[in-house]
file protein-v7.cif (mmCIF, C-alpha atoms)
data_data
#
loop_
_atom_site.group_PDB
_atom_site.id
_atom_site.type_symbol
_atom_site.label_atom_id
_atom_site.label_comp_id
_atom_site.auth_asym_id
_atom_site.auth_seq_id
_atom_site.Cartn_x
_atom_site.Cartn_y
_atom_site.Cartn_z
ATOM 1 C CA MET V 1 0.000 0.000 0.000
ATOM 2 C CA ALA V 2 1.373 3.408 -0.979
ATOM 3 C CA SER V 3 2.397 5.456 2.050
ATOM 4 C CA PHE V 4 4.272 8.705 2.566
ATOM 5 C CA ILE V 5 6.356 8.733 5.764
ATOM 6 C CA VAL V 6 8.283 11.815 6.877
ATOM 7 C CA ILE V 7 10.860 12.015 9.646
ATOM 8 C CA GLU V 8 11.384 15.394 11.303
ATOM 9 C CA GLY V 9 13.381 16.990 14.101
ATOM 10 C CA ILE V 10 16.131 19.453 14.902
ATOM 11 C CA ASP V 11 19.623 19.079 13.470
ATOM 12 C CA GLY V 12 21.498 16.222 15.109
ATOM 13 C CA CYS V 13 18.433 14.280 16.223
ATOM 14 C CA GLY V 14 19.278 11.283 14.018
ATOM 15 C CA LYS V 15 16.779 11.704 11.169
ATOM 16 C CA GLY V 16 19.113 10.494 8.451
ATOM 17 C CA THR V 17 20.177 7.414 10.396
ATOM 18 C CA GLN V 18 16.623 6.465 11.350
ATOM 19 C CA ALA V 19 15.277 7.079 7.836
ATOM 20 C CA ARG V 20 17.920 4.714 6.473
ATOM 21 C CA LEU V 21 17.247 2.065 9.143
ATOM 22 C CA LEU V 22 13.513 2.206 8.432
ATOM 23 C CA TYR V 23 14.180 1.941 4.699
ATOM 24 C CA GLU V 24 16.372 -1.125 5.212
ATOM 25 C CA HIS V 25 13.805 -2.721 7.530
ATOM 26 C CA LEU V 26 10.947 -2.280 5.071
ATOM 27 C CA LYS V 27 13.091 -3.556 2.186
ATOM 28 C CA GLU V 28 13.839 -6.693 4.229
ATOM 29 C CA LEU V 29 10.081 -7.184 4.580
ATOM 30 C CA GLY V 30 9.800 -7.143 0.801
ATOM 31 C CA LYS V 31 8.268 -3.673 0.535
ATOM 32 C CA ASP V 32 8.883 -1.404 -2.450
ATOM 33 C CA VAL V 33 10.448 1.627 -0.764
ATOM 34 C CA VAL V 34 11.950 4.932 -1.870
ATOM 35 C CA LEU V 35 14.281 6.848 0.465
ATOM 36 C CA THR V 36 14.538 10.571 -0.219
ATOM 37 C CA ALA V 37 15.330 13.838 1.552
ATOM 38 C CA GLU V 38 14.877 17.598 1.568
ATOM 39 C CA PRO V 39 16.532 19.759 0.453
ATOM 40 C CA THR V 40 16.809 17.671 -2.704
ATOM 41 C CA LYS V 41 19.887 17.013 -4.823
ATOM 42 C CA GLY V 42 18.353 18.997 -7.695
ATOM 43 C CA PRO V 43 19.388 22.515 -8.789
ATOM 44 C CA LEU V 44 17.197 24.260 -6.202
ATOM 45 C CA GLY V 45 18.289 21.943 -3.419
ATOM 46 C CA LYS V 46 21.911 22.509 -4.399
ATOM 47 C CA LEU V 47 21.404 26.272 -4.116
ATOM 48 C CA ILE V 48 19.888 25.831 -0.650
ATOM 49 C CA ARG V 49 22.814 23.689 0.477
ATOM 50 C CA GLU V 50 25.265 26.304 -0.794
ATOM 51 C CA HIS V 51 23.436 28.920 1.265
ATOM 52 C CA LEU V 52 23.518 26.731 4.384
ATOM 53 C CA GLN V 53 27.300 26.477 4.024
ATOM 54 C CA ASP V 54 27.873 30.174 3.257
ATOM 55 C CA PRO V 55 24.703 32.332 3.676
ATOM 56 C CA PHE V 56 23.850 34.730 0.864
ATOM 57 C CA LEU V 57 20.033 34.690 0.698
ATOM 58 C CA ASP V 58 17.391 36.804 2.440
ATOM 59 C CA ASP V 59 15.336 34.716 4.907
ATOM 60 C CA GLY V 60 12.150 35.259 2.898
ATOM 61 C CA ALA V 61 13.888 34.242 -0.320
ATOM 62 C CA LEU V 62 15.217 31.132 1.413
ATOM 63 C CA ALA V 63 11.713 30.161 2.545
ATOM 64 C CA LEU V 64 10.442 30.539 -1.040
ATOM 65 C CA LEU V 65 13.370 28.507 -2.344
ATOM 66 C CA PHE V 66 12.595 25.669 0.066
ATOM 67 C CA ALA V 67 8.953 25.743 -1.077
ATOM 68 C CA ALA V 68 9.992 25.669 -4.737
ATOM 69 C CA ASP V 69 12.402 22.774 -4.125
ATOM 70 C CA ARG V 70 9.546 20.917 -2.427
ATOM 71 C CA ILE V 71 7.293 21.312 -5.458
ATOM 72 C CA GLU V 72 10.034 19.763 -7.596
ATOM 73 C CA HIS V 73 10.506 16.996 -5.030
ATOM 74 C CA LEU V 74 6.813 16.142 -5.009
ATOM 75 C CA ASP V 75 6.471 16.227 -8.794
ATOM 76 C CA LYS V 76 9.605 14.276 -9.653
ATOM 77 C CA VAL V 77 10.026 11.848 -6.753
ATOM 78 C CA VAL V 78 7.219 11.558 -4.214
ATOM 79 C CA ARG V 79 4.062 11.551 -6.331
ATOM 80 C CA PRO V 80 5.361 9.179 -9.054
ATOM 81 C CA ALA V 81 6.480 6.718 -6.382
ATOM 82 C CA LEU V 82 3.160 6.871 -4.544
ATOM 83 C CA GLU V 83 1.223 6.474 -7.792
ATOM 84 C CA ALA V 84 3.282 3.332 -8.412
ATOM 85 C CA GLY V 85 2.155 1.977 -5.041
ATOM 86 C CA LYS V 86 5.481 2.456 -3.276
ATOM 87 C CA ILE V 87 6.308 3.569 0.259
ATOM 88 C CA VAL V 88 8.174 6.881 0.373
ATOM 89 C CA ILE V 89 10.364 7.833 3.348
ATOM 90 C CA SER V 90 11.543 11.443 3.433
ATOM 91 C CA ASP V 91 14.251 12.792 5.713
ATOM 92 C CA ARG V 92 12.597 16.212 6.316
ATOM 93 C CA TYR V 93 9.530 17.641 4.626
ATOM 94 C CA VAL V 94 7.271 20.705 4.788
ATOM 95 C CA TYR V 95 7.182 20.726 8.591
ATOM 96 C CA SER V 96 10.894 21.538 8.649
ATOM 97 C CA SER V 97 10.236 24.623 6.532
ATOM 98 C CA ILE V 98 7.547 25.815 8.921
ATOM 99 C CA ALA V 99 9.636 25.083 12.019
ATOM 100 C CA TYR V 100 12.877 26.596 10.715
ATOM 101 C CA GLN V 101 11.843 29.442 8.416
ATOM 102 C CA GLY V 102 9.106 30.341 10.888
ATOM 103 C CA GLN V 103 11.873 31.438 13.274
ATOM 104 C CA ARG V 104 13.028 34.162 10.901
ATOM 105 C CA VAL V 105 9.929 35.167 8.908
ATOM 106 C CA ASP V 106 6.189 35.136 9.590
ATOM 107 C CA LEU V 107 5.190 31.582 10.468
ATOM 108 C CA ASP V 108 1.702 31.859 8.978
ATOM 109 C CA TRP V 109 3.202 33.090 5.704
ATOM 110 C CA VAL V 110 5.534 30.083 5.594
ATOM 111 C CA SER V 111 2.531 27.811 6.147
ATOM 112 C CA GLU V 112 0.642 29.630 3.389
ATOM 113 C CA ILE V 113 3.361 29.250 0.725
ATOM 114 C CA ASN V 114 3.556 25.527 1.517
ATOM 115 C CA LYS V 115 -0.166 24.778 1.891
ATOM 116 C CA TYR V 116 -0.400 22.863 -1.384
ATOM 117 C CA SER V 117 2.176 20.325 -0.272
ATOM 118 C CA ASP V 118 0.798 16.785 -0.125
ATOM 119 C CA ARG V 119 -0.377 15.444 3.223
ATOM 120 C CA PRO V 120 1.895 12.612 4.405
ATOM 121 C CA THR V 121 0.493 9.383 5.804
ATOM 122 C CA ILE V 122 2.455 9.845 9.008
ATOM 123 C CA ALA V 123 4.988 12.267 10.463
ATOM 124 C CA ILE V 124 7.540 11.080 13.004
ATOM 125 C CA LEU V 125 9.182 13.663 15.247
ATOM 126 C CA LEU V 126 12.505 12.700 16.803
ATOM 127 C CA ASP V 127 12.542 14.937 19.872
ATOM 128 C CA ILE V 128 15.844 15.683 21.580
ATOM 129 C CA THR V 129 17.404 18.512 23.568
ATOM 130 C CA VAL V 130 19.513 21.003 21.642
ATOM 131 C CA GLN V 131 22.473 20.289 23.919
ATOM 132 C CA LEU V 132 22.462 16.548 23.256
ATOM 133 C CA ALA V 133 21.907 17.006 19.524
ATOM 134 C CA GLN V 134 24.855 19.369 19.233
ATOM 135 C CA ARG V 135 27.059 17.088 21.309
ATOM 136 C CA ARG V 136 26.294 14.219 18.943
ATOM 137 C CA MET V 137 27.111 16.359 15.900
ATOM 138 C CA LYS V 138 30.437 17.380 17.409
ATOM 139 C CA GLU V 139 31.268 13.770 18.297
ATOM 140 C CA ARG V 140 30.594 12.813 14.650
ATOM 141 C CA GLY V 141 32.786 15.662 13.457
ATOM 142 C CA ASP V 142 29.928 17.305 11.552
ATOM 143 C CA GLU V 143 30.632 20.725 10.063
ATOM 144 C CA MET V 144 28.088 23.111 11.597
ATOM 145 C CA GLU V 145 25.842 24.900 9.098
ATOM 146 C CA TYR V 146 23.734 28.084 9.016
ATOM 147 C CA PHE V 147 20.896 26.916 11.284
ATOM 148 C CA GLU V 148 22.964 24.595 13.469
ATOM 149 C CA VAL V 149 25.248 27.190 15.058
ATOM 150 C CA ASP V 150 22.401 29.213 16.604
ATOM 151 C CA ASN V 151 21.326 27.615 19.894
ATOM 152 C CA ASP V 152 18.410 29.996 20.412
ATOM 153 C CA LEU V 153 17.108 29.240 16.929
ATOM 154 C CA GLN V 154 17.410 25.490 17.529
ATOM 155 C CA GLU V 155 15.474 25.844 20.789
ATOM 156 C CA GLY V 156 12.768 27.720 18.897
ATOM 157 C CA VAL V 157 12.722 25.059 16.179
ATOM 158 C CA ARG V 158 12.343 22.292 18.748
ATOM 159 C CA LYS V 159 9.367 24.080 20.317
ATOM 160 C CA ALA V 160 7.874 24.703 16.865
ATOM 161 C CA PHE V 161 8.083 20.997 15.990
ATOM 162 C CA ILE V 162 6.266 20.105 19.204
ATOM 163 C CA GLU V 163 3.552 22.635 18.341
ATOM 164 C CA LEU V 164 3.266 21.216 14.820
ATOM 165 C CA SER V 165 2.967 17.674 16.184
ATOM 166 C CA ARG V 166 -0.091 18.933 18.074
ATOM 167 C CA GLY V 167 -1.632 20.277 14.881
ATOM 168 C CA ARG V 168 -0.957 23.944 15.624
ATOM 169 C CA HIS V 169 0.091 26.530 12.988
ATOM 170 C CA LEU V 170 -0.860 24.119 10.221
ATOM 171 C CA PRO V 171 -3.433 24.438 7.443
ATOM 172 C CA ASP V 172 -5.937 21.568 7.515
ATOM 173 C CA SER V 173 -4.355 20.188 4.340
ATOM 174 C CA LEU V 174 -1.123 19.434 6.216
ATOM 175 C CA LYS V 175 -2.529 18.004 9.443
ATOM 176 C CA THR V 176 -1.683 14.331 9.769
ATOM 177 C CA LYS V 177 -0.989 11.580 12.294
ATOM 178 C CA TRP V 178 2.129 12.305 14.360
ATOM 179 C CA PHE V 179 4.298 10.079 16.513
ATOM 180 C CA VAL V 180 6.793 11.747 18.847
ATOM 181 C CA VAL V 181 9.813 9.586 19.704
ATOM 182 C CA ASP V 182 12.384 10.311 22.412
ATOM 183 C CA ALA V 183 15.575 10.615 20.353
ATOM 184 C CA SER V 184 17.833 10.595 23.408
ATOM 185 C CA GLU V 185 17.480 6.822 23.611
ATOM 186 C CA ARG V 186 19.754 4.268 21.965
ATOM 187 C CA LYS V 187 19.627 4.029 18.172
ATOM 188 C CA VAL V 188 18.123 0.530 18.252
ATOM 189 C CA GLU V 189 15.380 1.526 20.691
ATOM 190 C CA ILE V 190 14.454 4.548 18.575
ATOM 191 C CA ALA V 191 14.337 2.385 15.453
ATOM 192 C CA ASP V 192 12.003 -0.109 17.176
ATOM 193 C CA LYS V 193 9.580 2.655 18.167
ATOM 194 C CA ILE V 194 9.581 4.077 14.650
ATOM 195 C CA ARG V 195 8.862 0.636 13.210
ATOM 196 C CA ASP V 196 5.943 0.177 15.592
ATOM 197 C CA ALA V 197 4.547 3.574 14.606
ATOM 198 C CA VAL V 198 4.894 2.884 10.893
ATOM 199 C CA GLU V 199 3.424 -0.602 11.123
ATOM 200 C CA SER V 200 0.363 0.886 12.843
ATOM 201 C CA VAL V 201 -0.493 2.863 9.698
ATOM 202 C CA LEU V 202 0.684 0.528 6.892
#

call {"tool": "encode", "arguments": {"input": "protein-v7.cif", "output": "structure tokens"}}
result
Amino acid sequence: MASFIVIEGIDGCGKGTQARLLYEHLKELGKDVVLTAEPTKGPLGKLIREHLQDPFLDDGALALLFAADRIEHLDKVVRPALEAGKIVISDRYVYSSIAYQGQRVDLDWVSEINKYSDRPTIAILLDITVQLAQRRMKERGDEMEYFEVDNDLQEGVRKAFIELSRGRHLPDSLKTKWFVVDASERKVEIADKIRDAVESVL
């Protein structure tokens, strides 16, 4: 059955790792799965990544660029896969735009420019403290990007994700079923909880 699963959370919460583990688990079960991410690897996503490394865009322009990249992502990757009956797992989606860009520009405006994004089947929030997330990134030797170096912004993003998981600041078209997972636990324990959540909707 076609399903669209998105994994969200602040930087360093383990989204990429858990998205990959879920992908591998579903493949082992014989499911037809696509693993993807935002920003994309397309031209717009590349421009966003360049900005995150060395900022050069206005915050409003960045929000519009994320929205445009998402349209491309939906048209070229997500919708074709869903129409083919596949399961799509995305490391970040529209909720990241609202949580992050909403810290710098009007949150309702960010929701408005993204309101035609497709509703996912389920959204999984990996919740973790900013301090622990940043410690993990440093232990991995990650190079800190535009959003990651601002502790106050990350605190605001974490709070925004919690609000979004409760259906607040979202147009009806983007309200979906959320599962909040404690991302301070061990990787295996987090993966088990995500699997349980996903299996409850597949």

call {"tool": "residues_around", "arguments": {"input": "protein-v7.cif", "residues": "Tyr95 in chain V", "least_positions_apart": "6", "cutoff": "10 Å", "atoms": "all atoms listed in the file", "output": "list in words"}}
result
Val6, Ile7, Glu8, Gly9, Gln101, Val110, Ser111, Asn114, Ala123, Leu125, Ala160, Phe161, Leu164, Ser165, Leu170 and Leu174 of chain V

call {"tool": "resolve_selection", "arguments": {"input": "protein-v7.cif", "expression": "the PyMOL selection byres ((chain V and resi 16-26) around 8)", "output": "list of chain:residue names"}}
result
V:Ile7, V:Gly14, V:Lys15, V:Lys27, V:Glu28, V:Leu29, V:Gly30, V:Lys31, V:Asp32, V:Val33, V:Val34, V:Leu35, V:Ile89, V:Ser90, V:Asp91, V:Lys187, V:Ile190, V:Ala191, V:Ile194, V:Arg195

call {"tool": "atom_distance", "arguments": {"input": "protein-v7.cif", "atom1": "CA of Ala2 in chain V", "atom2": "CA of Ile122 in chain V"}}
result
11.9 Å

call {"tool": "closest_residue", "arguments": {"input": "protein-v7.cif", "among": "V:Pro39, V:Pro55, V:Gly12, V:Gly60", "to": "Gln134 in chain V", "atoms": "only C-alpha atoms"}}
result
V:Gly12

call {"tool": "atom_distance", "arguments": {"input": "protein-v7.cif", "atom1": "CA of Lys41 in chain V", "atom2": "CA of Ala99 in chain V"}}
result
21.3 Å

call {"tool": "atom_distance", "arguments": {"input": "protein-v7.cif", "atom1": "CA of Lys175 in chain V", "atom2": "CA of Ala68 in chain V"}}
result
20.4 Å

call {"tool": "closest_residue", "arguments": {"input": "protein-v7.cif", "among": "V:Pro171, V:Asn151, V:Ala81, V:Val130", "to": "Tyr116 in chain V", "atoms": "all atoms listed in the file"}}
result
V:Pro171

call {"tool": "residues_around", "arguments": {"input": "protein-v7.cif", "residues": "Asp69 in chain V", "least_positions_apart": "4", "cutoff": "9 Å", "atoms": "all atoms listed in the file", "output": "list in words"}}
result
Glu38, Pro39, Thr40, Gly42, Pro43, Leu44, Gly45, Ile48, Leu64, Leu65, His73 and Leu74 of chain V

call {"tool": "closest_residue", "arguments": {"input": "protein-v7.cif", "among": "V:Val198, V:Cys13, V:Ile5, V:Leu107", "to": "Arg136 in chain V", "atoms": "all atoms listed in the file"}}
result
V:Cys13

call {"tool": "residues_near_point", "arguments": {"input": "protein-v7.cif", "point": "(0.4, 16.8, 17.5)", "cutoff": "9 Å", "atoms": "all atoms listed in the file", "output": "ChimeraX atom specification"}}
result
/V:161-168,175-180

call {"tool": "residues_around", "arguments": {"input": "protein-v7.cif", "residues": "Ser97 in chain V", "least_positions_apart": "6", "cutoff": "8 Å", "atoms": "only C-alpha atoms", "output": "JSON, numbers by chain"}}
result
{"V": [63, 66, 67, 110]}

call {"tool": "closest_residue", "arguments": {"input": "protein-v7.cif", "among": "V:Glu139, V:Ile10, V:Ser3, V:Gln131", "to": "Ser200 in chain V", "atoms": "only C-alpha atoms"}}
result
V:Ser3
